[in-house]
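Next up, data.txt (compact mmCIF, C-alpha atoms):
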```
# COMPACT_ATOMS: atom_id res chain seq x y z
CA MET A 1472 50.53 70.31 -60.19
CA SER A 1473 47.43 68.13 -60.07
CA SER A 1474 46.78 65.18 -62.35
CA ALA A 1475 43.96 67.15 -63.99
CA ASP A 1476 46.49 69.86 -64.88
CA ILE A 1477 48.83 67.28 -66.37
CA GLN A 1478 45.99 65.65 -68.33
CA SER A 1479 45.05 69.06 -69.70
CA LYS A 1480 48.66 69.73 -70.75
CA VAL A 1481 48.92 66.33 -72.45
CA LYS A 1482 45.73 67.05 -74.44
CA LYS A 1483 47.05 70.47 -75.48
CA LEU A 1484 50.42 69.03 -76.54
CA LEU A 1485 48.78 66.25 -78.57
CA ALA A 1486 46.47 68.81 -80.19
CA LYS A 1487 49.49 70.94 -81.14
CA ALA A 1488 51.26 67.89 -82.56
CA VAL A 1489 48.19 66.99 -84.64
CA VAL A 1490 48.10 70.53 -86.07
CA LYS A 1491 51.85 70.56 -86.81
CA THR A 1492 52.05 67.09 -88.37
CA GLY A 1493 48.61 66.68 -89.90
CA SER A 1494 46.86 68.26 -92.83
CA THR A 1495 43.35 69.58 -93.33
CA SER A 1496 42.66 66.83 -95.87
CA ALA A 1497 43.86 63.97 -93.62
CA ASN A 1498 41.29 61.34 -92.70
CA LYS A 1499 40.04 61.59 -89.14
CA VAL A 1500 40.62 58.74 -86.68
CA TYR A 1501 37.68 56.99 -85.03
CA LEU A 1502 37.09 54.38 -82.37
CA VAL A 1503 34.31 52.10 -83.63
CA VAL A 1504 31.93 51.32 -80.75
CA THR A 1505 29.57 48.39 -81.27
CA SER A 1506 26.36 48.15 -79.28
CA GLY A 1507 23.20 46.10 -79.31
CA GLY A 1508 22.55 43.11 -81.48
CA ASN A 1509 21.98 39.50 -80.52
CA SER A 1510 22.75 36.00 -81.70
CA ASP A 1511 19.15 34.79 -81.88
CA PRO A 1512 18.98 32.65 -85.05
CA ILE A 1513 15.21 33.10 -85.38
CA ASN A 1514 14.99 36.84 -84.86
CA PRO A 1515 18.52 38.24 -85.30
CA ILE A 1516 19.25 41.88 -84.58
CA ALA A 1517 22.37 43.34 -86.14
CA PRO A 1518 24.69 45.31 -83.86
CA VAL A 1519 24.96 49.04 -84.39
CA GLU A 1520 28.40 50.58 -85.00
CA THR A 1521 29.02 54.16 -83.90
CA ASP A 1522 32.17 56.09 -84.82
CA VAL A 1523 33.63 58.12 -81.94
CA GLU A 1524 36.22 60.61 -83.18
CA LEU A 1525 39.63 60.46 -81.51
CA VAL A 1526 40.45 64.15 -81.79
CA ASN A 1527 44.00 64.11 -80.44
CA ALA A 1528 45.25 60.99 -82.21
CA ILE A 1529 48.69 60.58 -83.77
CA PHE A 1530 49.80 57.61 -85.87
CA THR A 1531 53.44 56.57 -86.09
CA ASN A 1532 55.08 53.65 -87.84
CA TYR A 1533 57.29 51.14 -86.07
CA ASP A 1534 60.99 51.03 -86.86
CA ILE A 1535 61.71 48.12 -89.19
CA ASN A 1536 64.29 46.84 -86.67
CA LEU A 1537 61.46 46.18 -84.19
CA LEU A 1538 59.65 43.70 -86.46
CA GLY A 1539 59.45 40.25 -84.94
CA ALA A 1540 57.06 38.07 -82.99
CA ASN A 1541 54.91 40.85 -81.55
CA ILE A 1542 55.25 43.59 -84.15
CA GLN A 1543 54.46 42.68 -87.75
CA ALA A 1544 55.04 44.57 -90.99
CA GLY A 1545 52.22 47.08 -91.42
CA ASP A 1546 51.54 47.52 -87.70
CA ARG A 1547 51.17 51.11 -86.55
CA SER A 1548 51.32 52.87 -83.22
CA LEU A 1549 48.52 55.22 -82.18
CA THR A 1550 48.89 57.76 -79.37
CA THR A 1551 45.67 59.27 -78.01
CA ASP A 1552 44.66 61.33 -75.01
CA ASN A 1553 42.53 60.01 -72.14
CA THR A 1554 39.21 61.21 -73.52
CA GLN A 1555 38.16 57.82 -74.90
CA PRO A 1556 39.48 54.58 -73.33
CA ILE A 1557 40.87 52.05 -75.81
CA GLU A 1558 40.91 48.33 -75.06
CA VAL A 1559 42.62 45.35 -76.68
CA GLY A 1560 40.43 44.11 -79.53
CA ALA A 1561 38.90 47.54 -80.19
CA THR A 1562 38.40 48.64 -83.79
CA ILE A 1563 40.04 51.88 -84.93
CA LYS A 1564 39.16 53.41 -88.30
CA GLN A 1565 40.96 55.96 -90.45
CA GLY A 1566 39.33 56.58 -93.79
CA SER A 1567 38.35 53.19 -95.21
CA VAL A 1568 41.06 51.30 -93.29
CA LYS A 1569 40.08 49.45 -90.13
CA TYR A 1570 42.60 48.36 -87.53
CA ILE A 1571 42.36 46.12 -84.49
CA ALA A 1572 44.04 47.05 -81.21
CA ILE A 1573 46.68 44.39 -80.48
CA THR A 1574 48.18 45.90 -77.34
CA VAL A 1575 47.25 48.98 -75.31
CA ASN A 1576 49.78 50.66 -73.08
CA THR A 1577 47.95 52.91 -70.62
CA ILE A 1578 50.19 55.75 -69.47
CA ALA A 1579 49.03 56.53 -65.94
CA PRO A 1580 51.65 57.42 -63.34
CA THR A 1581 48.79 57.56 -60.82
CA SER A 1582 45.23 56.28 -61.11
CA ASN A 1583 44.51 59.05 -63.64
CA VAL A 1584 45.18 58.09 -67.25
CA LEU A 1585 47.26 60.58 -69.25
CA LEU A 1586 47.25 58.84 -72.63
CA TYR A 1587 47.05 55.54 -74.48
CA LYS A 1588 49.72 54.08 -76.79
CA THR A 1589 48.10 51.40 -78.91
CA GLN A 1590 49.61 48.88 -81.31
CA LEU A 1591 47.29 48.50 -84.29
CA ARG A 1592 47.12 45.90 -87.04
CA VAL A 1593 45.09 46.12 -90.24
CA LYS A 1594 41.88 44.13 -89.81
```

I'd like the structure from this file rewritten - as C-alpha cells, please.
Amino acid sequence: MSSADIQSKVKKLLAKAVVKTGSTSANKVYLVVTSGGNSDPINPIAPVETDVELVNAIFTNYDINLLGANIQAGDRSLTTDNTQPIEVGATIKQGSVKYIAITVNTIAPTSNVLLYKTQLRVK
C-alpha cells in the first residue's frame, strides 16, 4: 500500500468521524492565513487575513489529569488531515473563537504527512 493510499484512507476516516461526531449546525474550523502588509510607519498597509477551511478537523479536550506545565486548562487538541500544513504560532478559528497553535505533532511515518495533531490555546 502506497503512502498516497494511506493518506486517502486517513482523509476518509477523518471525514467519517466528522460526520458521526459533528452536527450540521456546528461552526466550521479554519486556518487563518495572513499575507501582505508592512510595518512602514508613514504608509502602513494592513495585512490581509484569509480563512482556509479545515474540512476534516476534529477537536478533542485534554484529560484534566494531563494539565501541568505544557497543557493548560482550556487547551484543546485538533486533529486534521494533511491537506493544509499547520505550524506552531498559526491561528485557528472556530466560530468567533480564535486559537493559537502551541505545539504541532506531524504524523508522518515516511516523508509523506498523514495528519497533524495540534495543541491549541485560546488567543

**Item:** Pick from A:Ser1548, A:Ser1479, A:Gln1565, A:Ser1474, whichever lies nearest to A:Asp1534 using only C-alpha atoms
**Value:**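 Nearest to A:Asp1534: A:Ser1548.
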
**Among the residues A:Ala1540, A:Ile1513, A:Tyr1533, A:Thr1551, the one that comes closest to A:Val1489 [using only C-alpha atoms]** = A:Thr1551

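If you look at atom CA of A:Lys1487 and atom CA of A:Ala1528, they are 10.9 Å away from each other.
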
**Message:** Can you measure atom CA of A:Ile1542 to atom CA of A:Glu1520 for me? One decimal in Å is fine.
**Reply:**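 Here the two named atoms are 27.8 Å from each other.
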
**Item:** Near-A:Val1559 list (6 Å; all atoms listed in the file; drop same-chain fewer than 3 positions) as JSON, numbers by chain
**Value:** {"A": [1572, 1573, 1574]}

**Prompt:** Please, what distance in Å, to one decimal, runs between atom CA of A:Gly1508 and atom CA of A:Thr1521?
**Reply:** 13.0 Å
